[in-house]
$ cat model-v1.csv   # CSV, N, CA and C atoms
chain,number,residue,atom,x,y,z
A,21,MET,N,-14.3,67.6,3.5
A,21,MET,CA,-15.3,66.8,4.0
A,21,MET,C,-14.8,65.3,4.3
A,22,PHE,N,-15.2,64.8,5.4
A,22,PHE,CA,-14.7,63.4,5.8
A,22,PHE,C,-15.6,62.4,5.1
A,23,TYR,N,-15.0,61.4,4.5
A,23,TYR,CA,-15.8,60.4,3.7
A,23,TYR,C,-15.3,59.0,4.1
A,24,ILE,N,-16.2,58.2,4.4
A,24,ILE,CA,-15.9,56.8,4.7
A,24,ILE,C,-16.5,55.9,3.6
A,25,ARG,N,-15.7,55.1,3.1
A,25,ARG,CA,-16.1,54.2,2.0
A,25,ARG,C,-17.3,53.3,2.6
A,26,PRO,N,-18.3,53.1,1.7
A,26,PRO,CA,-19.4,52.2,2.2
A,26,PRO,C,-19.0,50.8,2.4
A,27,ASP,N,-17.9,50.3,1.8
A,27,ASP,CA,-17.5,48.9,2.0
A,27,ASP,C,-16.4,48.7,3.0
A,28,ILE,N,-16.2,49.7,3.9
A,28,ILE,CA,-15.1,49.6,4.8
A,28,ILE,C,-15.3,48.4,5.8
A,29,GLY,N,-16.5,48.1,6.2
A,29,GLY,CA,-16.7,47.0,7.1
A,29,GLY,C,-16.4,45.7,6.4
A,30,LEU,N,-16.8,45.5,5.1
A,30,LEU,CA,-16.5,44.3,4.4
A,30,LEU,C,-15.0,44.2,4.2
A,31,SER,N,-14.3,45.3,3.9
A,31,SER,CA,-12.8,45.2,3.6
A,31,SER,C,-12.1,44.9,4.9
A,32,LEU,N,-12.5,45.5,6.0
A,32,LEU,CA,-11.8,45.2,7.3
A,32,LEU,C,-12.1,43.7,7.8
A,33,SER,N,-13.3,43.3,7.6
A,33,SER,CA,-13.6,41.9,8.0
A,33,SER,C,-12.9,40.9,7.1
A,34,PHE,N,-12.7,41.2,5.8
A,34,PHE,CA,-12.0,40.3,4.9
A,34,PHE,C,-10.5,40.3,5.4
A,35,LYS,N,-9.9,41.4,5.7
A,35,LYS,CA,-8.5,41.5,6.2
A,35,LYS,C,-8.3,40.7,7.5
A,36,LEU,N,-9.3,40.9,8.4
A,36,LEU,CA,-9.2,40.2,9.7
A,36,LEU,C,-9.3,38.7,9.5
A,37,ASN,N,-10.2,38.3,8.6
A,37,ASN,CA,-10.3,36.9,8.3
A,37,ASN,C,-9.0,36.3,7.7
A,38,GLN,N,-8.4,37.0,6.8
A,38,GLN,CA,-7.1,36.6,6.2
A,38,GLN,C,-6.1,36.5,7.3
A,39,LEU,N,-6.0,37.5,8.2
A,39,LEU,CA,-5.0,37.5,9.3
A,39,LEU,C,-5.2,36.3,10.2
A,40,TYR,N,-6.5,36.0,10.5
A,40,TYR,CA,-6.8,34.9,11.4
A,40,TYR,C,-6.4,33.6,10.8
A,41,SER,N,-6.6,33.4,9.5
A,41,SER,CA,-6.2,32.2,8.8
A,41,SER,C,-4.7,32.1,8.8
A,42,ILE,N,-4.0,33.2,8.6
A,42,ILE,CA,-2.5,33.1,8.5
A,42,ILE,C,-1.9,32.8,9.9
A,43,LEU,N,-2.5,33.5,10.9
A,43,LEU,CA,-2.0,33.2,12.3
A,43,LEU,C,-2.2,31.8,12.8
A,44,ASN,N,-3.3,31.2,12.3
A,44,ASN,CA,-3.7,29.9,12.8
A,44,ASN,C,-3.2,28.8,11.9
A,45,ASP,N,-2.4,29.1,10.9
A,45,ASP,CA,-1.8,28.1,10.0
A,45,ASP,C,-0.8,27.3,10.7
A,46,ASP,N,-0.6,26.1,10.4
A,46,ASP,CA,0.3,25.2,11.1
A,46,ASP,C,1.7,25.0,10.4
A,47,SER,N,2.0,25.9,9.5
A,47,SER,CA,3.3,25.9,8.8
A,47,SER,C,4.4,26.2,9.8
A,48,SER,N,5.6,25.9,9.3
A,48,SER,CA,6.8,26.1,10.1
A,48,SER,C,7.0,27.6,10.4
A,49,VAL,N,7.3,27.9,11.6
A,49,VAL,CA,7.5,29.3,12.0
A,49,VAL,C,9.0,29.7,11.9
A,50,ILE,N,9.8,28.8,12.1
A,50,ILE,CA,11.3,29.1,12.1
A,50,ILE,C,11.8,29.2,10.6
A,51,LEU,N,11.5,28.3,9.8
A,51,LEU,CA,12.0,28.3,8.4
A,51,LEU,C,11.0,28.7,7.4
A,52,GLY,N,9.7,28.7,7.8
A,52,GLY,CA,8.7,29.0,6.8
A,52,GLY,C,8.3,27.8,6.0
A,53,SER,N,7.4,28.0,5.1
A,53,SER,CA,6.9,26.9,4.2
A,53,SER,C,7.3,27.1,2.8
A,54,GLY,N,8.1,28.0,2.5
A,54,GLY,CA,8.5,28.2,1.1
A,54,GLY,C,7.9,29.5,0.4
A,55,TRP,N,8.7,30.0,-0.4
A,55,TRP,CA,8.3,31.3,-1.1
A,55,TRP,C,7.2,31.0,-2.1
A,56,GLY,N,6.0,31.1,-1.9
A,56,GLY,CA,5.0,30.8,-2.8
A,56,GLY,C,3.9,29.9,-2.1
A,57,TYR,N,4.2,29.6,-0.9
A,57,TYR,CA,3.2,28.9,-0.1
A,57,TYR,C,1.9,29.7,0.0
A,58,VAL,N,0.8,29.0,-0.2
A,58,VAL,CA,-0.5,29.7,-0.2
A,58,VAL,C,-1.5,28.9,0.7
A,59,ILE,N,-2.2,29.7,1.5
A,59,ILE,CA,-3.3,29.1,2.3
A,59,ILE,C,-4.5,29.2,1.5
A,60,GLN,N,-5.1,28.0,1.2
A,60,GLN,CA,-6.3,28.0,0.3
A,60,GLN,C,-7.4,28.7,0.9
A,61,GLY,N,-8.1,29.5,0.1
A,61,GLY,CA,-9.3,30.2,0.6
A,61,GLY,C,-9.1,31.6,1.1
A,62,ILE,N,-7.9,32.1,1.2
A,62,ILE,CA,-7.8,33.5,1.7
A,62,ILE,C,-7.5,34.5,0.6
A,63,GLY,N,-7.2,34.1,-0.6
A,63,GLY,CA,-7.1,35.0,-1.7
A,63,GLY,C,-8.4,35.5,-2.1
A,64,ASP,N,-8.4,36.7,-2.7
A,64,ASP,CA,-9.7,37.3,-3.2
A,64,ASP,C,-10.0,37.0,-4.6
A,65,SER,N,-9.1,36.2,-5.3
A,65,SER,CA,-9.2,35.9,-6.7
A,65,SER,C,-8.6,34.5,-6.9
A,66,LEU,N,-9.4,33.7,-7.6
A,66,LEU,CA,-8.9,32.3,-7.9
A,66,LEU,C,-7.7,32.4,-9.0
A,67,GLU,N,-7.8,33.4,-9.8
A,67,GLU,CA,-6.7,33.6,-10.8
A,67,GLU,C,-5.4,34.1,-10.2
A,68,GLN,N,-5.5,34.8,-9.1
A,68,GLN,CA,-4.3,35.3,-8.4
A,68,GLN,C,-4.3,35.0,-6.9
A,69,PRO,N,-4.0,33.7,-6.6
A,69,PRO,CA,-4.1,33.3,-5.2
A,69,PRO,C,-3.0,33.9,-4.3
A,70,TYR,N,-2.0,34.5,-4.9
A,70,TYR,CA,-0.9,35.1,-4.1
A,70,TYR,C,-1.3,36.6,-3.7
A,71,GLN,N,-2.3,37.1,-4.4
A,71,GLN,CA,-2.7,38.5,-4.2
A,71,GLN,C,-3.6,38.6,-2.9
A,72,ILE,N,-2.9,38.8,-1.8
A,72,ILE,CA,-3.7,38.9,-0.5
A,72,ILE,C,-3.4,40.2,0.1
A,73,GLU,N,-4.3,40.7,0.9
A,73,GLU,CA,-4.2,42.0,1.6
A,73,GLU,C,-3.1,41.9,2.7
A,74,MET,N,-3.1,40.9,3.4
A,74,MET,CA,-2.2,40.8,4.6
A,74,MET,C,-0.9,40.2,4.1
A,75,GLN,N,-0.1,40.9,3.3
A,75,GLN,CA,1.0,40.4,2.6
A,75,GLN,C,2.2,40.2,3.6
A,76,LEU,N,2.4,41.0,4.5
A,76,LEU,CA,3.6,40.9,5.4
A,76,LEU,C,3.4,39.7,6.4
A,77,PRO,N,2.2,39.5,7.0
A,77,PRO,CA,2.0,38.2,7.8
A,77,PRO,C,2.2,37.0,6.9
A,78,MET,N,1.7,37.0,5.7
A,78,MET,CA,1.8,35.8,4.8
A,78,MET,C,3.3,35.6,4.4
A,79,LEU,N,4.0,36.7,4.2
A,79,LEU,CA,5.5,36.5,4.0
A,79,LEU,C,6.2,35.9,5.1
A,80,PHE,N,5.8,36.2,6.4
A,80,PHE,CA,6.3,35.6,7.6
A,80,PHE,C,6.0,34.1,7.5
A,81,ARG,N,4.9,33.7,7.1
A,81,ARG,CA,4.5,32.2,7.0
A,81,ARG,C,5.4,31.6,5.9
A,82,GLN,N,5.7,32.3,4.8
A,82,GLN,CA,6.4,31.7,3.7
A,82,GLN,C,7.9,31.6,4.0
A,83,ILE,N,8.5,32.6,4.6
A,83,ILE,CA,10.0,32.6,4.8
A,83,ILE,C,10.4,32.4,6.3
A,84,GLY,N,9.5,32.4,7.2
A,84,GLY,CA,9.8,32.2,8.6
A,84,GLY,C,10.5,33.3,9.3
A,85,ILE,N,10.8,33.1,10.6
A,85,ILE,CA,11.5,34.1,11.4
A,85,ILE,C,12.9,34.4,10.8
A,86,SER,N,13.6,33.3,10.4
A,86,SER,CA,15.0,33.6,9.9
A,86,SER,C,14.9,34.4,8.6
A,87,GLY,N,14.1,34.1,7.7
A,87,GLY,CA,14.0,34.8,6.5
A,87,GLY,C,13.5,36.2,6.7
A,88,MET,N,12.6,36.4,7.6
A,88,MET,CA,12.1,37.8,7.9
A,88,MET,C,13.2,38.7,8.5
A,89,PHE,N,14.0,38.1,9.3
A,89,PHE,CA,15.1,38.8,9.9
A,89,PHE,C,16.0,39.4,8.8
A,90,PHE,N,16.4,38.5,7.8
A,90,PHE,CA,17.2,39.0,6.7
A,90,PHE,C,16.5,40.0,5.8
A,91,TYR,N,15.2,39.7,5.6
A,91,TYR,CA,14.4,40.6,4.7
A,91,TYR,C,14.3,42.0,5.4
A,92,VAL,N,13.9,42.1,6.6
A,92,VAL,CA,13.7,43.4,7.3
A,92,VAL,C,15.1,44.1,7.4
A,93,ALA,N,16.1,43.4,7.7
A,93,ALA,CA,17.5,44.0,7.8
A,93,ALA,C,17.9,44.5,6.4
A,94,GLY,N,17.6,43.7,5.4
A,94,GLY,CA,18.0,44.1,4.1
A,94,GLY,C,17.3,45.4,3.6
A,95,ILE,N,16.0,45.4,3.8
A,95,ILE,CA,15.2,46.6,3.5
A,95,ILE,C,15.6,47.8,4.3
A,96,PHE,N,15.9,47.6,5.6
A,96,PHE,CA,16.3,48.7,6.4
A,96,PHE,C,17.7,49.3,5.9
A,97,LEU,N,18.6,48.4,5.5
A,97,LEU,CA,19.9,48.8,5.0
A,97,LEU,C,19.8,49.5,3.7
A,98,LEU,N,18.9,49.1,2.8
A,98,LEU,CA,18.6,49.8,1.6
A,98,LEU,C,18.1,51.2,1.8
A,99,ILE,N,17.1,51.3,2.7
A,99,ILE,CA,16.6,52.6,3.1
A,99,ILE,C,17.6,53.5,3.8
A,100,LYS,N,18.4,52.9,4.6
A,100,LYS,CA,19.5,53.6,5.3
A,100,LYS,C,20.5,54.2,4.4
A,101,SER,N,20.7,53.5,3.3
A,101,SER,CA,21.8,53.9,2.3
A,101,SER,C,21.4,55.2,1.6
A,102,VAL,N,20.1,55.5,1.6
A,102,VAL,CA,19.6,56.8,0.9
A,102,VAL,C,19.1,57.8,1.9
A,103,SER,N,19.3,57.5,3.2
A,103,SER,CA,18.8,58.4,4.2
A,103,SER,C,20.0,59.0,4.9
A,104,LYS,N,19.9,60.2,5.4
A,104,LYS,CA,21.0,60.9,6.1
A,104,LYS,C,21.0,60.6,7.6
A,105,THR,N,19.9,60.2,8.2
A,105,THR,CA,19.9,60.0,9.6
A,105,THR,C,19.2,58.6,9.9
A,106,TRP,N,19.5,58.1,11.1
A,106,TRP,CA,18.9,56.9,11.5
A,106,TRP,C,17.4,57.1,11.8
A,107,ARG,N,17.0,58.3,12.2
A,107,ARG,CA,15.6,58.6,12.5
A,107,ARG,C,14.8,58.5,11.2
A,108,VAL,N,15.3,59.1,10.2
A,108,VAL,CA,14.6,59.1,8.9
A,108,VAL,C,14.5,57.7,8.3
A,109,SER,N,15.6,56.9,8.5
A,109,SER,CA,15.6,55.5,8.1
A,109,SER,C,14.6,54.7,8.8
A,110,PHE,N,14.5,55.0,10.1
A,110,PHE,CA,13.5,54.2,10.9
A,110,PHE,C,12.1,54.6,10.4
A,111,LEU,N,11.8,55.9,10.3
A,111,LEU,CA,10.5,56.3,9.9
A,111,LEU,C,10.1,55.8,8.5
A,112,ARG,N,11.0,55.9,7.6
A,112,ARG,CA,10.7,55.3,6.2
A,112,ARG,C,10.5,53.8,6.3
A,113,SER,N,11.3,53.1,7.0
A,113,SER,CA,11.1,51.6,7.2
A,113,SER,C,9.8,51.3,7.8
A,114,LEU,N,9.4,52.1,8.8
A,114,LEU,CA,8.2,51.8,9.5
A,114,LEU,C,7.0,52.0,8.6
A,115,VAL,N,7.0,53.1,7.8
A,115,VAL,CA,5.9,53.3,6.8
A,115,VAL,C,5.9,52.2,5.8
A,116,TYR,N,7.1,51.8,5.3
A,116,TYR,CA,7.2,50.7,4.3
A,116,TYR,C,6.5,49.4,4.8
A,117,PHE,N,6.8,49.0,6.0
A,117,PHE,CA,6.3,47.8,6.6
A,117,PHE,C,4.8,47.9,7.0
A,118,ALA,N,4.4,49.1,7.5
A,118,ALA,CA,3.1,49.3,8.0
A,118,ALA,C,2.1,49.2,6.8
A,119,ILE,N,2.4,49.7,5.7
A,119,ILE,CA,1.6,49.6,4.5
A,119,ILE,C,1.6,48.1,4.0
A,120,GLY,N,2.7,47.5,4.1
A,120,GLY,CA,2.8,46.1,3.6
A,120,GLY,C,2.1,45.2,4.5
A,121,LEU,N,1.8,45.6,5.7
A,121,LEU,CA,1.0,44.8,6.6
A,121,LEU,C,-0.4,44.5,6.1
A,122,ASN,N,-1.0,45.5,5.5
A,122,ASN,CA,-2.4,45.3,5.1
A,122,ASN,C,-2.7,45.6,3.7
A,123,ASN,N,-1.8,45.7,2.9
A,123,ASN,CA,-2.0,46.0,1.4
A,123,ASN,C,-1.0,45.1,0.6
A,124,PRO,N,-1.4,44.7,-0.6
A,124,PRO,CA,-0.5,43.9,-1.4
A,124,PRO,C,0.5,44.7,-2.2
A,125,TRP,N,1.0,45.7,-1.6
A,125,TRP,CA,2.0,46.6,-2.3
A,125,TRP,C,3.4,46.4,-1.8
A,126,LEU,N,3.7,45.5,-0.9
A,126,LEU,CA,5.0,45.3,-0.3
A,126,LEU,C,6.1,45.1,-1.4
A,127,PHE,N,5.9,44.4,-2.4
A,127,PHE,CA,6.9,44.1,-3.4
A,127,PHE,C,6.9,45.0,-4.6
A,128,LEU,N,6.1,46.0,-4.7
A,128,LEU,CA,6.0,46.9,-5.8
A,128,LEU,C,7.2,47.9,-5.7
A,129,PRO,N,8.0,48.0,-6.8
A,129,PRO,CA,9.1,48.9,-6.7
A,129,PRO,C,8.6,50.4,-6.5
A,130,SER,N,7.4,50.7,-7.0
A,130,SER,CA,6.9,52.0,-6.8
A,130,SER,C,6.6,52.3,-5.3
A,131,TRP,N,6.2,51.2,-4.6
A,131,TRP,CA,6.0,51.4,-3.2
A,131,TRP,C,7.3,51.7,-2.4
A,132,TYR,N,8.3,50.9,-2.8
A,132,TYR,CA,9.6,51.2,-2.2
A,132,TYR,C,10.1,52.6,-2.4
A,133,MET,N,9.9,53.1,-3.6
A,133,MET,CA,10.3,54.4,-4.0
A,133,MET,C,9.5,55.5,-3.2
A,134,THR,N,8.2,55.2,-3.1
A,134,THR,CA,7.4,56.1,-2.3
A,134,THR,C,7.8,56.2,-0.9
A,135,ALA,N,8.1,55.0,-0.3
A,135,ALA,CA,8.6,55.0,1.1
A,135,ALA,C,9.9,55.7,1.3
A,136,VAL,N,10.8,55.6,0.3
A,136,VAL,CA,12.1,56.2,0.4
A,136,VAL,C,12.0,57.7,0.2
A,137,LEU,N,11.0,58.2,-0.6
A,137,LEU,CA,10.9,59.6,-0.7
A,137,LEU,C,10.1,60.3,0.4
A,138,MET,N,9.4,59.5,1.2
A,138,MET,CA,8.7,60.1,2.4
A,138,MET,C,9.8,60.7,3.3
A,139,PHE,N,9.4,61.7,4.0
A,139,PHE,CA,10.2,62.4,5.0
A,139,PHE,C,11.4,63.0,4.4
A,140,GLN,N,11.4,63.3,3.2
A,140,GLN,CA,12.5,64.0,2.5
A,140,GLN,C,12.8,65.3,3.1
A,141,TYR,N,11.8,66.0,3.6
A,141,TYR,CA,12.0,67.3,4.2
A,141,TYR,C,12.9,67.2,5.5
A,142,LEU,N,12.8,66.0,6.2
A,142,LEU,CA,13.7,65.9,7.3
A,142,LEU,C,15.2,65.7,6.9
A,143,ASP,N,15.4,65.0,5.8
A,143,ASP,CA,16.7,64.8,5.3
A,143,ASP,C,17.3,66.2,4.7
A,144,ASP,N,16.4,67.0,4.1
A,144,ASP,CA,16.8,68.3,3.6
A,144,ASP,C,17.2,69.3,4.7
A,145,LYS,N,16.7,69.1,5.9
A,145,LYS,CA,17.0,70.0,7.0
A,145,LYS,C,18.4,69.8,7.4
A,146,ARG,N,19.0,68.7,7.1
A,146,ARG,CA,20.4,68.4,7.6
A,146,ARG,C,21.4,69.0,6.7
$ encode --input "model-v1.csv" --output "structure tokens"
Amino acid sequence: MFYIRPDIGLSLSFKLNQLYSILNDDSSVILGSGWGYVIQGIGDSLEQPYQIEMQLPMLFRQIGISGMFFYVAGIFLLIKSVSKTWRVSFLRSLVYFAIGLNNPWLFLPSWYMTAVLMFQYLDDKR
């Protein structure tokens, strides 16, 4: 049976509001504003202002284009080191970053391991 959460509209509007605030922030795009930079009012908890849904866009604001280049390249190389093909590496990296785009799971080791174990059947075929 197909089930849609009753609060899906609220969740999506909250995420869009966070994304809008992040995209309209006037922090430096090239170098970023520092690891821990927070835009006031976009966190869903005063006790945890860093816990936001749109973690990847916020990371971009924190470390800038230059930092994101190294971060994405580093994660891809880590994933490539445990993958047998470039195709599987790309798929795993895509899933890793897609979930990090709208969930605060990007830096959880368990999320990295989950992404690395995805598409295992494609590696096993080789």
$ atom_distance --input "model-v1.csv" --atom1 "CA of Met133 in chain A" --atom2 "atom C of Trp55 in chain A"
23.7 Å
$ closest_residue --input "model-v1.csv" --among "A:Ser103, A:Val92, A:Phe139, A:Gln75" --to "Leu126 in chain A" --atoms "only N, CA and C atoms"
A:Gln75
$ residues_around --input "model-v1.csv" --residues "Trp125 in chain A" --least-positions-apart "5" --cutoff "10 Å" --atoms "only C-alpha atoms" --output "list in words"
Gln71, Ile72, Glu73, Met74, Gln75, Leu76, Tyr116, Phe117, Ile119, Gly120, Ser130, Trp131 and Tyr132 of chain A
$ closest_residue --input "model-v1.csv" --among "A:Pro124, A:Leu51, A:Lys104, A:Gly61" --to "Met88 in chain A" --atoms "all atoms listed in the file"
A:Leu51
$ atom_distance --input "model-v1.csv" --atom1 "CA of Ile99 in chain A" --atom2 "atom C of Asn123 in chain A"
19.3 Å
$ atom_distance --input "model-v1.csv" --atom1 "CA of Ser113 in chain A" --atom2 "CA of Phe96 in chain A"
6.0 Å
$ select_by_dssp --input "model-v1.csv" --residues "chain A" --states "alpha helix (DSSP H)" --output "VMD selection string"
chain A and resid 28 to 43 75 to 101 106 to 122 129 to 137 140 to 144
$ closest_residue --input "model-v1.csv" --among "A:Ile42, A:Ile59, A:Val49, A:Ile24" --to "Ser86 in chain A" --atoms "all atoms listed in the file"
A:Val49
$ residues_near_point --input "model-v1.csv" --point "(12.6, 53.5, 7.6)" --cutoff "8 Å" --atoms "only N, CA and C atoms" --output "list in words"
Ile95, Phe96, Ile99, Lys100, Trp106, Arg107, Val108, Ser109, Phe110, Leu111, Arg112, Ser113, Leu114, Val115, Tyr116, Phe117, Ala135 and Val136 of chain A
$ closest_residue --input "model-v1.csv" --among "A:Leu128, A:Ile83, A:Ala93, A:Met138" --to "Gly54 in chain A" --atoms "all atoms listed in the file"
A:Ile83
$ residues_near_point --input "model-v1.csv" --point "(18.2, 64.5, 4.1)" --cutoff "8 Å" --atoms "all atoms listed in the file" --output "CSV table (one decimal) with N, CA and C atoms, keeping the file's coordinate frame"
chain,number,residue,atom,x,y,z
A,102,VAL,N,20.1,55.5,1.6
A,102,VAL,CA,19.6,56.8,0.9
A,102,VAL,C,19.1,57.8,1.9
A,103,SER,N,19.3,57.5,3.2
A,103,SER,CA,18.8,58.4,4.2
A,103,SER,C,20.0,59.0,4.9
A,104,LYS,N,19.9,60.2,5.4
A,104,LYS,CA,21.0,60.9,6.1
A,104,LYS,C,21.0,60.6,7.6
A,105,THR,N,19.9,60.2,8.2
A,105,THR,CA,19.9,60.0,9.6
A,105,THR,C,19.2,58.6,9.9
A,139,PHE,N,9.4,61.7,4.0
A,139,PHE,CA,10.2,62.4,5.0
A,139,PHE,C,11.4,63.0,4.4
A,140,GLN,N,11.4,63.3,3.2
A,140,GLN,CA,12.5,64.0,2.5
A,140,GLN,C,12.8,65.3,3.1
A,141,TYR,N,11.8,66.0,3.6
A,141,TYR,CA,12.0,67.3,4.2
A,141,TYR,C,12.9,67.2,5.5
A,142,LEU,N,12.8,66.0,6.2
A,142,LEU,CA,13.7,65.9,7.3
A,142,LEU,C,15.2,65.7,6.9
A,143,ASP,N,15.4,65.0,5.8
A,143,ASP,CA,16.7,64.8,5.3
A,143,ASP,C,17.3,66.2,4.7
A,144,ASP,N,16.4,67.0,4.1
A,144,ASP,CA,16.8,68.3,3.6
A,144,ASP,C,17.2,69.3,4.7
A,145,LYS,N,16.7,69.1,5.9
A,145,LYS,CA,17.0,70.0,7.0
A,145,LYS,C,18.4,69.8,7.4
A,146,ARG,N,19.0,68.7,7.1
A,146,ARG,CA,20.4,68.4,7.6
A,146,ARG,C,21.4,69.0,6.7
